>>> print(open('entry-v7.cif').read())   # mmCIF, C-alpha atoms
data_protein
#
loop_
_atom_site.label_atom_id
_atom_site.label_comp_id
_atom_site.auth_asym_id
_atom_site.auth_seq_id
_atom_site.Cartn_x
_atom_site.Cartn_y
_atom_site.Cartn_z
CA MET A 230 10.30 30.78 -10.82
CA ALA A 231 10.65 27.53 -12.74
CA GLN A 232 8.82 24.53 -11.34
CA PRO A 233 11.26 22.05 -9.77
CA ALA A 234 11.55 18.52 -11.10
CA PHE A 235 12.22 16.03 -8.32
CA PHE A 236 12.96 12.99 -10.47
CA LYS A 237 15.15 12.25 -13.46
CA PRO A 238 13.58 12.99 -16.84
CA PRO A 239 12.58 9.83 -18.70
CA PRO A 240 14.41 8.70 -21.83
CA SER A 241 12.98 9.42 -25.25
CA SER A 242 11.40 6.34 -26.86
CA THR A 243 9.76 5.72 -30.19
CA LEU A 244 6.27 4.31 -30.47
CA ALA A 245 7.76 1.23 -32.12
CA GLU A 246 10.01 0.71 -29.09
CA ILE A 247 7.10 1.20 -26.69
CA ALA A 248 4.97 -1.27 -28.64
CA ALA A 249 7.76 -3.84 -28.55
CA SER A 250 8.33 -3.36 -24.83
CA THR A 251 4.67 -3.62 -23.84
CA GLY A 252 3.45 -6.12 -26.42
CA ALA A 253 0.91 -3.56 -27.63
CA GLN A 254 0.01 -3.23 -31.31
CA LEU A 255 0.71 0.12 -32.94
CA ILE A 256 -2.30 0.46 -35.23
CA ASP A 257 -0.66 2.94 -37.62
CA ALA A 258 2.77 1.44 -38.22
CA SER A 259 3.85 4.54 -40.13
CA ARG A 260 4.02 6.39 -36.80
CA GLY A 261 6.59 3.98 -35.37
CA ALA A 262 9.38 6.60 -35.41
CA GLN A 263 7.31 9.14 -33.45
CA ARG A 264 9.00 9.85 -30.13
CA MET A 265 7.48 10.05 -26.67
CA THR A 266 9.43 12.01 -24.05
CA GLY A 267 7.17 11.53 -21.06
CA LEU A 268 4.05 10.03 -19.51
CA ALA A 269 0.93 11.90 -18.47
CA SER A 270 -2.75 11.58 -17.65
CA LEU A 271 -5.33 12.12 -20.38
CA ASP A 272 -6.16 15.66 -19.27
CA GLN A 273 -2.54 16.80 -18.87
CA ALA A 274 -0.83 15.05 -21.76
CA GLY A 275 0.76 16.92 -24.66
CA PRO A 276 1.89 15.81 -28.14
CA ALA A 277 5.07 14.15 -26.79
CA HIS A 278 3.29 12.25 -24.00
CA LEU A 279 2.09 8.67 -23.77
CA THR A 280 -1.16 8.12 -21.87
CA PHE A 281 -3.67 5.30 -21.39
CA PHE A 282 -7.44 4.80 -21.37
CA ASP A 283 -9.32 1.89 -19.83
CA ASN A 284 -12.33 3.38 -18.04
CA HIS A 285 -15.39 4.81 -19.78
CA LYS A 286 -15.79 7.25 -16.87
CA TYR A 287 -12.99 9.31 -18.47
CA ALA A 288 -14.40 9.26 -22.01
CA ALA A 289 -14.69 13.06 -22.09
CA GLN A 290 -11.02 13.40 -21.19
CA LEU A 291 -10.10 10.96 -23.96
CA ALA A 292 -12.08 12.98 -26.50
CA ALA A 293 -10.29 16.19 -25.47
CA THR A 294 -6.78 14.81 -24.91
CA LYS A 295 -3.80 16.34 -26.67
CA ALA A 296 -1.63 13.25 -26.09
CA GLY A 297 0.65 11.95 -28.78
CA ALA A 298 -0.21 8.31 -28.15
CA CYS A 299 -2.59 6.27 -26.05
CA LEU A 300 -2.57 2.70 -24.81
CA VAL A 301 -6.17 1.56 -25.13
CA ASN A 302 -8.30 -1.56 -24.88
CA PRO A 303 -9.74 -2.66 -28.24
CA ARG A 304 -13.31 -2.02 -27.06
CA PHE A 305 -12.53 1.71 -26.68
CA GLU A 306 -10.27 2.05 -29.70
CA ALA A 307 -12.85 3.80 -31.88
CA SER A 308 -13.17 6.61 -29.31
CA VAL A 309 -9.53 7.74 -29.63
CA PRO A 310 -9.20 11.10 -31.47
CA PRO A 311 -7.55 10.88 -34.92
CA HIS A 312 -4.45 12.85 -33.91
CA VAL A 313 -3.59 10.34 -31.16
CA ALA A 314 -1.56 7.26 -32.10
CA VAL A 315 -3.31 4.10 -30.93
CA LEU A 316 -1.43 1.36 -29.10
CA ARG A 317 -3.88 -1.51 -28.77
CA SER A 318 -3.49 -3.50 -25.55
CA ALA A 319 -5.70 -5.97 -23.71
CA ALA A 320 -4.48 -4.44 -20.42
CA PRO A 321 -3.65 -0.76 -21.07
CA PHE A 322 -2.88 0.25 -17.50
CA ARG A 323 -0.60 -2.73 -16.95
CA ALA A 324 1.24 -1.83 -20.16
CA PHE A 325 1.45 1.82 -19.09
CA VAL A 326 2.94 0.81 -15.73
CA LYS A 327 5.52 -1.37 -17.48
CA ILE A 328 6.71 1.65 -19.46
CA ALA A 329 6.57 3.85 -16.35
CA ARG A 330 8.83 1.42 -14.51
CA GLU A 331 11.33 1.58 -17.37
CA PHE A 332 11.16 5.36 -17.68
CA HIS A 333 11.38 6.00 -13.93
CA ALA A 334 13.37 3.12 -12.49
CA ASP A 335 15.05 5.53 -10.05
CA VAL A 336 11.71 6.15 -8.31
CA LEU A 337 11.02 2.50 -7.49
CA ARG A 338 13.63 2.37 -4.73
CA PRO A 339 14.30 5.61 -2.84
CA GLN A 340 17.92 6.63 -2.70
CA SER A 341 19.78 8.92 -0.35
CA TRP A 342 18.05 12.25 0.26
CA PHE A 343 21.54 13.83 0.46
CA ASP A 344 22.93 12.38 -2.77
CA ASN A 345 25.06 10.27 -0.50
CA GLU A 346 26.76 7.11 -1.75
CA THR A 347 28.40 5.93 1.43
CA ILE A 348 28.18 6.34 5.22
CA ALA A 349 27.73 9.96 6.28
CA ALA A 350 30.24 11.36 8.75
CA SER A 351 27.47 12.35 11.16
CA ALA A 352 25.92 8.87 11.28
CA VAL A 353 26.40 7.10 14.62
CA ILE A 354 27.30 3.44 14.21
CA HIS A 355 28.14 1.23 17.17
CA PRO A 356 31.50 -0.50 16.76
CA THR A 357 29.89 -3.94 17.13
CA ALA A 358 27.39 -3.33 14.31
CA HIS A 359 28.12 -5.17 11.08
CA LEU A 360 27.46 -3.46 7.75
CA GLU A 361 28.17 -5.20 4.46
CA ASP A 362 29.64 -3.38 1.46
CA ALA A 363 27.82 -0.76 -0.64
CA ILE A 364 25.50 0.49 2.11
CA VAL A 365 24.29 4.09 2.25
CA VAL A 366 23.72 5.64 5.67
CA ASP A 367 22.45 9.21 5.60
CA PRO A 368 23.33 11.92 8.13
CA LEU A 369 22.24 11.54 11.76
CA ALA A 370 21.14 7.93 11.43
CA VAL A 371 21.90 5.73 14.45
CA ILE A 372 22.78 2.03 14.23
CA GLY A 373 22.95 0.19 17.53
CA PRO A 374 25.17 -2.57 18.92
CA GLY A 375 25.13 -5.89 17.14
CA ALA A 376 22.89 -4.66 14.33
CA GLU A 377 23.46 -6.21 10.89
CA ILE A 378 22.62 -4.61 7.55
CA GLY A 379 23.01 -6.23 4.13
CA THR A 380 24.64 -4.87 1.02
CA GLY A 381 22.75 -2.42 -1.16
CA SER A 382 20.57 -1.13 1.66
CA VAL A 383 19.85 2.55 2.31
CA ILE A 384 19.29 3.91 5.83
CA GLY A 385 17.60 7.31 5.86
CA SER A 386 18.50 10.37 7.87
CA GLY A 387 17.46 10.23 11.51
CA ALA A 388 16.55 6.54 11.37
CA VAL A 389 17.36 4.53 14.48
CA ILE A 390 18.22 0.84 14.15
CA GLY A 391 18.16 -0.84 17.55
CA PRO A 392 20.43 -3.43 19.10
CA GLY A 393 20.62 -6.76 17.32
CA VAL A 394 18.25 -5.78 14.51
CA ARG A 395 18.97 -7.57 11.25
CA ILE A 396 18.12 -5.96 7.92
CA GLY A 397 18.65 -7.87 4.68
CA ARG A 398 20.04 -6.81 1.34
CA ASN A 399 18.68 -4.09 -0.94
CA CYS A 400 16.37 -2.68 1.72
CA ASN A 401 15.33 0.92 2.28
CA VAL A 402 14.65 2.37 5.72
CA GLY A 403 13.02 5.78 5.46
CA ALA A 404 14.01 8.92 7.33
CA GLY A 405 12.82 9.11 10.93
CA THR A 406 11.99 5.41 11.16
CA THR A 407 12.75 3.44 14.32
CA ILE A 408 13.29 -0.32 14.34
CA GLN A 409 13.93 -2.58 17.31
CA ALA A 410 13.51 -6.29 18.11
CA ALA A 411 13.07 -7.05 14.40
CA LEU A 412 14.45 -9.35 11.72
CA ILE A 413 13.89 -8.01 8.20
CA GLY A 414 14.40 -9.88 4.93
CA ASN A 415 15.66 -8.74 1.53
CA ASN A 416 14.17 -6.09 -0.77
CA VAL A 417 12.03 -4.58 1.98
CA LEU A 418 10.93 -0.96 1.53
CA ILE A 419 10.05 0.93 4.72
CA HIS A 420 8.82 4.46 4.11
CA PRO A 421 9.60 7.42 6.40
CA GLY A 422 8.26 7.69 9.91
CA CYS A 423 7.53 4.02 10.57
CA HIS A 424 7.95 2.50 14.02
CA ILE A 425 8.63 -1.21 14.16
CA GLY A 426 9.20 -3.47 17.14
CA GLN A 427 7.97 -1.29 19.99
CA ASP A 428 5.91 -2.68 22.89
CA GLY A 429 2.55 -4.19 22.11
CA TYR A 430 -0.48 -2.97 24.05
CA GLY A 431 -0.38 -5.65 26.73
CA PHE A 432 -1.88 -5.09 30.19
CA ILE A 433 -3.95 -6.78 32.84
CA PHE A 434 -6.65 -4.14 33.06
CA PHE A 435 -8.42 -2.78 36.15
CA GLY A 436 -6.73 -4.97 38.73
CA SER A 437 -6.27 -4.00 42.35
CA GLU A 438 -2.81 -2.74 41.44
CA GLY A 439 -4.07 -0.72 38.49
CA HIS A 440 -3.24 -1.66 34.90
CA VAL A 441 -0.41 -4.20 35.12
CA LYS A 442 1.94 -4.24 32.13
CA VAL A 443 2.63 -7.60 30.48
CA PRO A 444 6.24 -7.99 29.27
CA GLN A 445 6.44 -7.95 25.46
CA THR A 446 9.33 -10.29 24.68
CA GLY A 447 8.54 -11.32 21.09
CA ARG A 448 9.93 -9.99 17.83
CA VAL A 449 8.80 -8.60 14.50
CA LEU A 450 9.62 -10.78 11.49
CA ILE A 451 9.30 -9.09 8.10
CA GLN A 452 9.83 -11.39 5.13
CA ASN A 453 11.22 -10.57 1.67
CA ASP A 454 9.68 -8.03 -0.73
CA VAL A 455 7.42 -6.34 1.82
CA GLU A 456 6.57 -2.65 1.49
CA ILE A 457 5.47 -0.62 4.51
CA GLY A 458 3.86 2.80 4.08
CA ALA A 459 4.79 5.98 5.91
CA GLY A 460 3.70 6.35 9.51
CA THR A 461 2.85 2.67 10.00
CA THR A 462 3.46 1.02 13.37
CA ILE A 463 4.11 -2.68 13.91
CA ASP A 464 4.24 -3.88 17.52
CA ARG A 465 6.51 -6.72 18.53
CA GLY A 466 4.95 -9.87 19.91
CA SER A 467 4.32 -10.57 23.55
CA LEU A 468 5.31 -14.25 23.53
CA ARG A 469 5.12 -15.27 19.88
CA ASP A 470 6.34 -13.10 17.01
CA THR A 471 4.50 -10.54 14.93
CA VAL A 472 4.95 -11.72 11.32
CA ILE A 473 4.52 -9.91 7.98
CA GLY A 474 4.52 -12.38 5.09
CA GLU A 475 6.50 -12.25 1.87
CA GLY A 476 5.33 -9.79 -0.77
CA THR A 477 2.73 -8.07 1.42
CA LYS A 478 2.13 -4.37 0.72
CA ILE A 479 1.03 -2.12 3.58
CA ASP A 480 -0.24 1.43 3.07
CA ASN A 481 0.32 4.51 5.26
CA GLN A 482 -0.75 4.86 8.89
CA VAL A 483 -1.60 1.23 9.54
CA GLN A 484 -1.47 -0.11 13.12
CA ILE A 485 -0.50 -3.77 13.51
CA GLY A 486 -0.81 -5.10 17.04
CA HIS A 487 1.32 -7.63 18.88
CA ASN A 488 1.30 -11.30 17.83
CA VAL A 489 -0.43 -10.53 14.54
CA THR A 490 0.44 -12.87 11.68
CA ILE A 491 -0.13 -11.58 8.14
CA GLY A 492 0.29 -14.00 5.27
CA ARG A 493 1.98 -13.65 1.90
CA ARG A 494 1.03 -11.15 -0.81
CA CYS A 495 -1.63 -9.38 1.26
CA LEU A 496 -2.81 -5.82 0.56
CA LEU A 497 -3.58 -3.48 3.47
CA ALA A 498 -4.91 -0.01 2.63
CA ALA A 499 -4.44 3.11 4.74
CA GLN A 500 -5.47 3.57 8.38
CA ILE A 501 -6.29 -0.06 9.10
CA GLY A 502 -6.21 -1.15 12.74
CA LEU A 503 -5.35 -4.78 13.50
CA ALA A 504 -5.79 -5.88 17.10
CA GLY A 505 -3.44 -8.34 18.76
CA SER A 506 -3.15 -12.07 18.10
CA LEU A 507 -5.01 -11.82 14.80
CA THR A 508 -4.16 -14.24 11.98
CA ILE A 509 -4.54 -13.21 8.35
CA GLY A 510 -4.04 -15.74 5.56
CA ASP A 511 -2.38 -15.35 2.17
CA ASN A 512 -3.65 -13.02 -0.60
CA VAL A 513 -6.03 -11.12 1.69
CA ALA A 514 -7.13 -7.58 0.74
CA LEU A 515 -8.30 -5.16 3.44
CA GLY A 516 -9.90 -1.82 2.53
CA ALA A 517 -8.98 1.49 4.10
CA LYS A 518 -9.96 2.14 7.74
CA CYS A 519 -10.91 -1.47 8.49
CA GLY A 520 -10.85 -2.40 12.14
CA ILE A 521 -10.37 -6.08 12.99
CA ASN A 522 -10.82 -7.50 16.49
CA ASN A 523 -8.22 -9.60 18.26
CA HIS A 524 -7.85 -13.39 18.13
CA LEU A 525 -9.72 -13.68 14.82
CA HIS A 526 -8.78 -15.62 11.70
CA ILE A 527 -9.14 -14.13 8.22
CA GLY A 528 -8.96 -16.91 5.62
CA ASP A 529 -6.84 -17.03 2.48
CA GLY A 530 -8.08 -14.84 -0.35
CA ALA A 531 -10.63 -12.97 1.76
CA GLN A 532 -11.56 -9.36 0.99
CA VAL A 533 -12.95 -6.80 3.44
CA SER A 534 -14.57 -3.55 2.31
CA ALA A 535 -13.27 -0.18 3.46
CA MET A 536 -14.40 1.16 6.86
CA SER A 537 -15.67 -2.25 7.99
CA ALA A 538 -15.59 -3.42 11.61
CA VAL A 539 -14.80 -7.12 11.85
CA LYS A 540 -15.71 -9.09 14.98
CA ASP A 541 -15.99 -12.61 13.55
CA ASP A 542 -13.74 -15.01 11.67
CA ILE A 543 -13.93 -14.69 7.88
CA PRO A 544 -13.74 -17.90 5.81
CA PRO A 545 -11.33 -18.32 2.90
CA ASN A 546 -12.29 -16.24 -0.15
CA GLY A 547 -15.03 -14.51 1.83
CA ARG A 548 -16.24 -11.09 0.66
CA TRP A 549 -17.29 -9.16 3.76
CA GLY A 550 -18.16 -5.59 4.65
CA GLY A 551 -20.19 -3.36 6.94
CA HIS A 552 -20.41 -2.53 10.61
CA PHE A 553 -20.33 -5.13 11.95
CA ALA A 554 -18.91 -6.93 8.94
CA LYS A 555 -20.84 -9.78 7.33
CA PRO A 556 -20.93 -11.37 3.85
CA THR A 557 -21.37 -8.56 1.35
CA LYS A 558 -24.45 -10.09 -0.29
CA GLN A 559 -26.20 -10.14 3.08
CA TRP A 560 -24.95 -6.64 3.90
CA PHE A 561 -26.24 -5.24 0.60
CA ARG A 562 -29.63 -6.96 1.05
CA GLU A 563 -29.97 -5.39 4.49
CA ILE A 564 -29.09 -1.94 3.14
CA VAL A 565 -31.66 -2.28 0.36
CA ALA A 566 -34.29 -3.49 2.84
CA VAL A 567 -33.70 -0.53 5.17
CA GLU A 568 -33.76 1.92 2.26
CA ARG A 569 -37.05 0.39 1.11
CA LEU A 570 -38.53 0.77 4.58
CA VAL A 571 -37.52 4.42 4.70
CA ARG A 572 -38.76 5.09 1.18
CA ASP A 573 -42.06 3.26 1.40
CA GLY A 574 -42.74 3.80 5.11
CA ALA A 575 -43.20 0.88 7.47
CA PRO A 576 -46.60 0.63 9.21
CA ASN A 577 -46.72 3.34 11.92
CA ALA A 578 -43.00 4.02 11.41
CA GLY A 579 -42.14 7.61 12.13
CA SER A 580 -45.76 8.64 12.88
CA ALA A 581 -44.97 9.88 16.36
CA ALA A 582 -41.88 11.73 15.24
CA SER A 583 -43.85 13.40 12.44
CA ASP A 584 -45.88 15.49 14.91
CA PRO A 585 -43.81 18.27 16.50
CA LYS A 586 -46.02 18.20 19.64
CA ASP A 587 -45.13 14.53 20.19
CA ARG A 588 -41.44 15.43 20.07
CA GLY A 589 -41.86 17.99 22.84
CA ALA A 590 -41.39 20.90 20.44
#
>>> encode(input="entry-v7.cif", output="structure tokens")
Amino acid sequence: MAQPAFFKPPPSSTLAEIAASTGAQLIDASRGAQRMTGLASLDQAGPAHLTFFDNHKYAAQLAATKAGACLVNPRFEASVPPHVAVLRSAAPFRAFVKIAREFHADVLRPQSWFDNETIAASAVIHPTAHLEDAIVVDPLAVIGPGAEIGTGSVIGSGAVIGPGVRIGRNCNVGAGTTIQAALIGNNVLIHPGCHIGQDGYGFIFFGSEGHVKVPQTGRVLIQNDVEIGAGTTIDRGSLRDTVIGEGTKIDNQVQIGHNVTIGRRCLLAAQIGLAGSLTIGDNVALGAKCGINNHLHIGDGAQVSAMSAVKDDIPPNGRWGGHFAKPTKQWFREIVAVERLVRDGAPNAGSAASDPKDRGA
């Protein structure tokens, strides 16, 4: 059985056209008419594929590649096999992505999963909802009373848009997503299975009446050009709003608690947990599986290593990591010191444990 292709085939482009588009220099100008019909990694590329190389770790793959052409940094240019056309670029991966965006523009914004160009007959839309022109609503989506959706937006199958929710123009709401108590800007991409605007985790714990629920009456505000990965949950605020700043990119399975404010152009990797009432500045990068305590402040430009547990404020441009997180230089020094103790043996360290009789064996 033939392997299925899920996306449109890219157009055929000459090396001269690719060089012009990316600003790369085609070293052998006589190969300018050579055509590339696709993009591939070094190890999977064939004679009609464009690839890139910018990491010495993959030098063996470069030596063995069958690619037709390769975007490469000048410092690695001499390592490219003779049969591969060289496109010299100071930033090969960035140039490769530029071509990929041109070749596969249809992938950048998901379209209807049912090849639908309008509102499906099985979609349920409340008569008081307002939808602008050129909106796609896939089968079995539900749009509640007073909801507003801007032109060019796509609402996936089984998505539920709650009462009064406002979604801007050219947005995508993935299949199975639920949105309530939220105001969403333009060009926002929400992947399948997200849940936005549900109750935050607000209780008075262990009182005489048990755990007493605190009403969660805030909203979720998502600014322009935000992307939210599949399975992410964003709780609405309790009193003040939960805010996701312009241009922020959130990975899959991230939990954002109530009253959290995330600044502009932040990067949040997968499986991060952000406790309530946390404030994150602009241009912050958080590694996968970070956990950050409530009521903290993470300064502009800060970076936190993957799997860190943060219990203290982080200053602007801080580089922190560890459990519990601290400045990375201090964290690394502590790791080296502990490793040295284990390697060299601290005085009397481990002597009791070295005798099985002293361990009760």
>>> atom_distance(input="entry-v7.cif", atom1="atom CA of A:Arg493", atom2="atom CA of A:Gly431")
26.2 Å
>>> atom_distance(input="entry-v7.cif", atom1="atom CA of A:Ala554", atom2="atom CA of A:Val571")
22.2 Å
>>> resolve_selection(input="entry-v7.cif", expression="the PyMOL selection byres ((chain A and resi 495) around 9)", output="ChimeraX atom specification")
/A:474-479,491-494,496-497,509-515,530
>>> residues_around(input="entry-v7.cif", residues="A:Gly486", least_positions_apart="2", cutoff="7 Å", atoms="all atoms listed in the file", output="VMD selection string")
chain A and resid 429 463 to 464 484 488 to 489 503 to 505
>>> atom_distance(input="entry-v7.cif", atom1="atom CA of A:Cys400", atom2="atom CA of A:Gln500")
23.7 Å
>>> residues_around(input="entry-v7.cif", residues="stretch 312-322 of chain A", least_positions_apart="3", cutoff="12 Å", atoms="all atoms listed in the file", output="PyMOL selection string")
chain A and resi 243-265+270-271+274-284+291-309+325-329
>>> resolve_selection(input="entry-v7.cif", expression="the PyMOL selection byres ((chain A and resi 411) around 8)", output="list in words")
Val394, Arg395, Ile408, Gln409, Ala410, Leu412, Ile413, Ile425, Gly426, Arg448, Val449, Leu450, Ile451 and Arg465 of chain A
>>> closest_residue(input="entry-v7.cif", among="A:Asn415, A:Asn481, A:Gln340, A:Thr380", to="A:Gly397", atoms="all atoms listed in the file")
A:Asn415
>>> closest_residue(input="entry-v7.cif", among="A:Phe343, A:Ile372, A:Ala531, A:Ala499", to="A:Thr357", atoms="all atoms listed in the file")
A:Ile372
>>> closest_residue(input="entry-v7.cif", among="A:His359, A:Arg323, A:His487, A:His552", to="A:Thr471", atoms="only C-alpha atoms")
A:His487
>>> resolve_selection(input="entry-v7.cif", expression="the PyMOL selection byres ((chain A and resi 407) around 6)", output="list of chain:residue names")
A:Ala388, A:Val389, A:Thr406, A:Ile408, A:His424
>>> closest_residue(input="entry-v7.cif", among="A:Glu377, A:Gly574, A:Thr461, A:Asp428", to="A:Gln445", atoms="all atoms listed in the file")
A:Asp428
>>> closest_residue(input="entry-v7.cif", among="A:Pro544, A:Pro556, A:Pro238, A:Gly550", to="A:Gly516", atoms="only C-alpha atoms")
A:Gly550
>>> residues_near_point(input="entry-v7.cif", point="(23.2, -5.1, 16.4)", cutoff="7 Å", atoms="all atoms listed in the file", output="NGL selection string")
:A and (357-358 or 373-377 or 391-394)
>>> residues_around(input="entry-v7.cif", residues="A:Ile521", least_positions_apart="4", cutoff="9 Å", atoms="all atoms listed in the file", output="VMD selection string")
chain A and resid 501 to 504 507 525 537 to 541
>>> closest_residue(input="entry-v7.cif", among="A:Asp272, A:Asp367, A:Glu438, A:Asp470", to="A:Ser341", atoms="all atoms listed in the file")
A:Asp367
>>> build_atoms(input="entry-v7.cif", residues="stretch 354-362 of chain A", atoms="all heavy atoms", output="PDB file, keeping the file's coordinate frame")
ATOM      1  N   ILE A 354      27.342   4.890  14.404  1.00  0.00           N
ATOM      2  CA  ILE A 354      27.300   3.440  14.210  1.00  0.00           C
ATOM      3  C   ILE A 354      28.106   2.778  15.321  1.00  0.00           C
ATOM      4  O   ILE A 354      29.307   3.054  15.484  1.00  0.00           O
ATOM      5  CB  ILE A 354      27.850   3.060  12.830  1.00  0.00           C
ATOM      6  CG1 ILE A 354      27.027   3.751  11.731  1.00  0.00           C
ATOM      7  CG2 ILE A 354      27.840   1.552  12.645  1.00  0.00           C
ATOM      8  CD1 ILE A 354      27.561   3.526  10.347  1.00  0.00           C
ATOM      9  N   HIS A 355      27.449   1.917  16.069  1.00  0.00           N
ATOM     10  CA  HIS A 355      28.140   1.230  17.170  1.00  0.00           C
ATOM     11  C   HIS A 355      29.252   0.347  16.613  1.00  0.00           C
ATOM     12  O   HIS A 355      29.093  -0.276  15.550  1.00  0.00           O
ATOM     13  CB  HIS A 355      27.135   0.396  17.954  1.00  0.00           C
ATOM     14  CG  HIS A 355      27.655  -0.052  19.284  1.00  0.00           C
ATOM     15  ND1 HIS A 355      28.425  -1.189  19.437  1.00  0.00           N
ATOM     16  CD2 HIS A 355      27.523   0.492  20.516  1.00  0.00           C
ATOM     17  CE1 HIS A 355      28.734  -1.334  20.713  1.00  0.00           C
ATOM     18  NE2 HIS A 355      28.206  -0.323  21.398  1.00  0.00           N
ATOM     19  N   PRO A 356      30.381   0.284  17.293  1.00  0.00           N
ATOM     20  CA  PRO A 356      31.500  -0.500  16.760  1.00  0.00           C
ATOM     21  C   PRO A 356      31.208  -1.987  16.596  1.00  0.00           C
ATOM     22  O   PRO A 356      31.892  -2.669  15.814  1.00  0.00           O
ATOM     23  CB  PRO A 356      32.630  -0.269  17.795  1.00  0.00           C
ATOM     24  CG  PRO A 356      31.971   0.317  18.990  1.00  0.00           C
ATOM     25  CD  PRO A 356      30.754   1.024  18.515  1.00  0.00           C
ATOM     26  N   THR A 357      30.210  -2.522  17.288  1.00  0.00           N
ATOM     27  CA  THR A 357      29.890  -3.940  17.130  1.00  0.00           C
ATOM     28  C   THR A 357      28.847  -4.198  16.039  1.00  0.00           C
ATOM     29  O   THR A 357      28.512  -5.353  15.767  1.00  0.00           O
ATOM     30  CB  THR A 357      29.372  -4.533  18.450  1.00  0.00           C
ATOM     31  OG1 THR A 357      28.151  -3.870  18.829  1.00  0.00           O
ATOM     32  CG2 THR A 357      30.402  -4.375  19.554  1.00  0.00           C
ATOM     33  N   ALA A 358      28.322  -3.136  15.428  1.00  0.00           N
ATOM     34  CA  ALA A 358      27.390  -3.330  14.310  1.00  0.00           C
ATOM     35  C   ALA A 358      28.152  -3.830  13.095  1.00  0.00           C
ATOM     36  O   ALA A 358      29.326  -3.498  12.894  1.00  0.00           O
ATOM     37  CB  ALA A 358      26.673  -2.028  13.991  1.00  0.00           C
ATOM     38  N   HIS A 359      27.469  -4.630  12.271  1.00  0.00           N
ATOM     39  CA  HIS A 359      28.120  -5.170  11.080  1.00  0.00           C
ATOM     40  C   HIS A 359      27.353  -4.708   9.842  1.00  0.00           C
ATOM     41  O   HIS A 359      26.172  -5.039   9.661  1.00  0.00           O
ATOM     42  CB  HIS A 359      28.157  -6.695  11.109  1.00  0.00           C
ATOM     43  CG  HIS A 359      28.726  -7.301   9.862  1.00  0.00           C
ATOM     44  ND1 HIS A 359      30.055  -7.199   9.508  1.00  0.00           N
ATOM     45  CD2 HIS A 359      28.134  -8.003   8.853  1.00  0.00           C
ATOM     46  CE1 HIS A 359      30.261  -7.810   8.355  1.00  0.00           C
ATOM     47  NE2 HIS A 359      29.112  -8.309   7.936  1.00  0.00           N
ATOM     48  N   LEU A 360      28.039  -3.940   8.987  1.00  0.00           N
ATOM     49  CA  LEU A 360      27.460  -3.460   7.750  1.00  0.00           C
ATOM     50  C   LEU A 360      28.233  -4.048   6.576  1.00  0.00           C
ATOM     51  O   LEU A 360      29.470  -3.947   6.515  1.00  0.00           O
ATOM     52  CB  LEU A 360      27.519  -1.932   7.677  1.00  0.00           C
ATOM     53  CG  LEU A 360      26.421  -1.139   8.398  1.00  0.00           C
ATOM     54  CD1 LEU A 360      26.427  -1.398   9.889  1.00  0.00           C
ATOM     55  CD2 LEU A 360      26.572   0.344   8.106  1.00  0.00           C
ATOM     56  N   GLU A 361      27.517  -4.687   5.652  1.00  0.00           N
ATOM     57  CA  GLU A 361      28.170  -5.200   4.460  1.00  0.00           C
ATOM     58  C   GLU A 361      28.561  -4.045   3.532  1.00  0.00           C
ATOM     59  O   GLU A 361      28.307  -2.877   3.815  1.00  0.00           O
ATOM     60  CB  GLU A 361      27.241  -6.193   3.746  1.00  0.00           C
ATOM     61  CG  GLU A 361      27.010  -7.471   4.541  1.00  0.00           C
ATOM     62  CD  GLU A 361      26.192  -8.502   3.784  1.00  0.00           C
ATOM     63  OE1 GLU A 361      25.528  -8.144   2.790  1.00  0.00           O
ATOM     64  OE2 GLU A 361      26.214  -9.674   4.199  1.00  0.00           O
ATOM     65  N   ASP A 362      29.165  -4.396   2.404  1.00  0.00           N
ATOM     66  CA  ASP A 362      29.640  -3.380   1.460  1.00  0.00           C
ATOM     67  C   ASP A 362      28.463  -2.683   0.773  1.00  0.00           C
ATOM     68  O   ASP A 362      27.342  -3.187   0.728  1.00  0.00           O
ATOM     69  CB  ASP A 362      30.533  -4.016   0.406  1.00  0.00           C
ATOM     70  CG  ASP A 362      31.812  -4.582   1.002  1.00  0.00           C
ATOM     71  OD1 ASP A 362      32.221  -4.089   2.074  1.00  0.00           O
ATOM     72  OD2 ASP A 362      32.375  -5.520   0.409  1.00  0.00           O
TER      73      ASP A 362
END
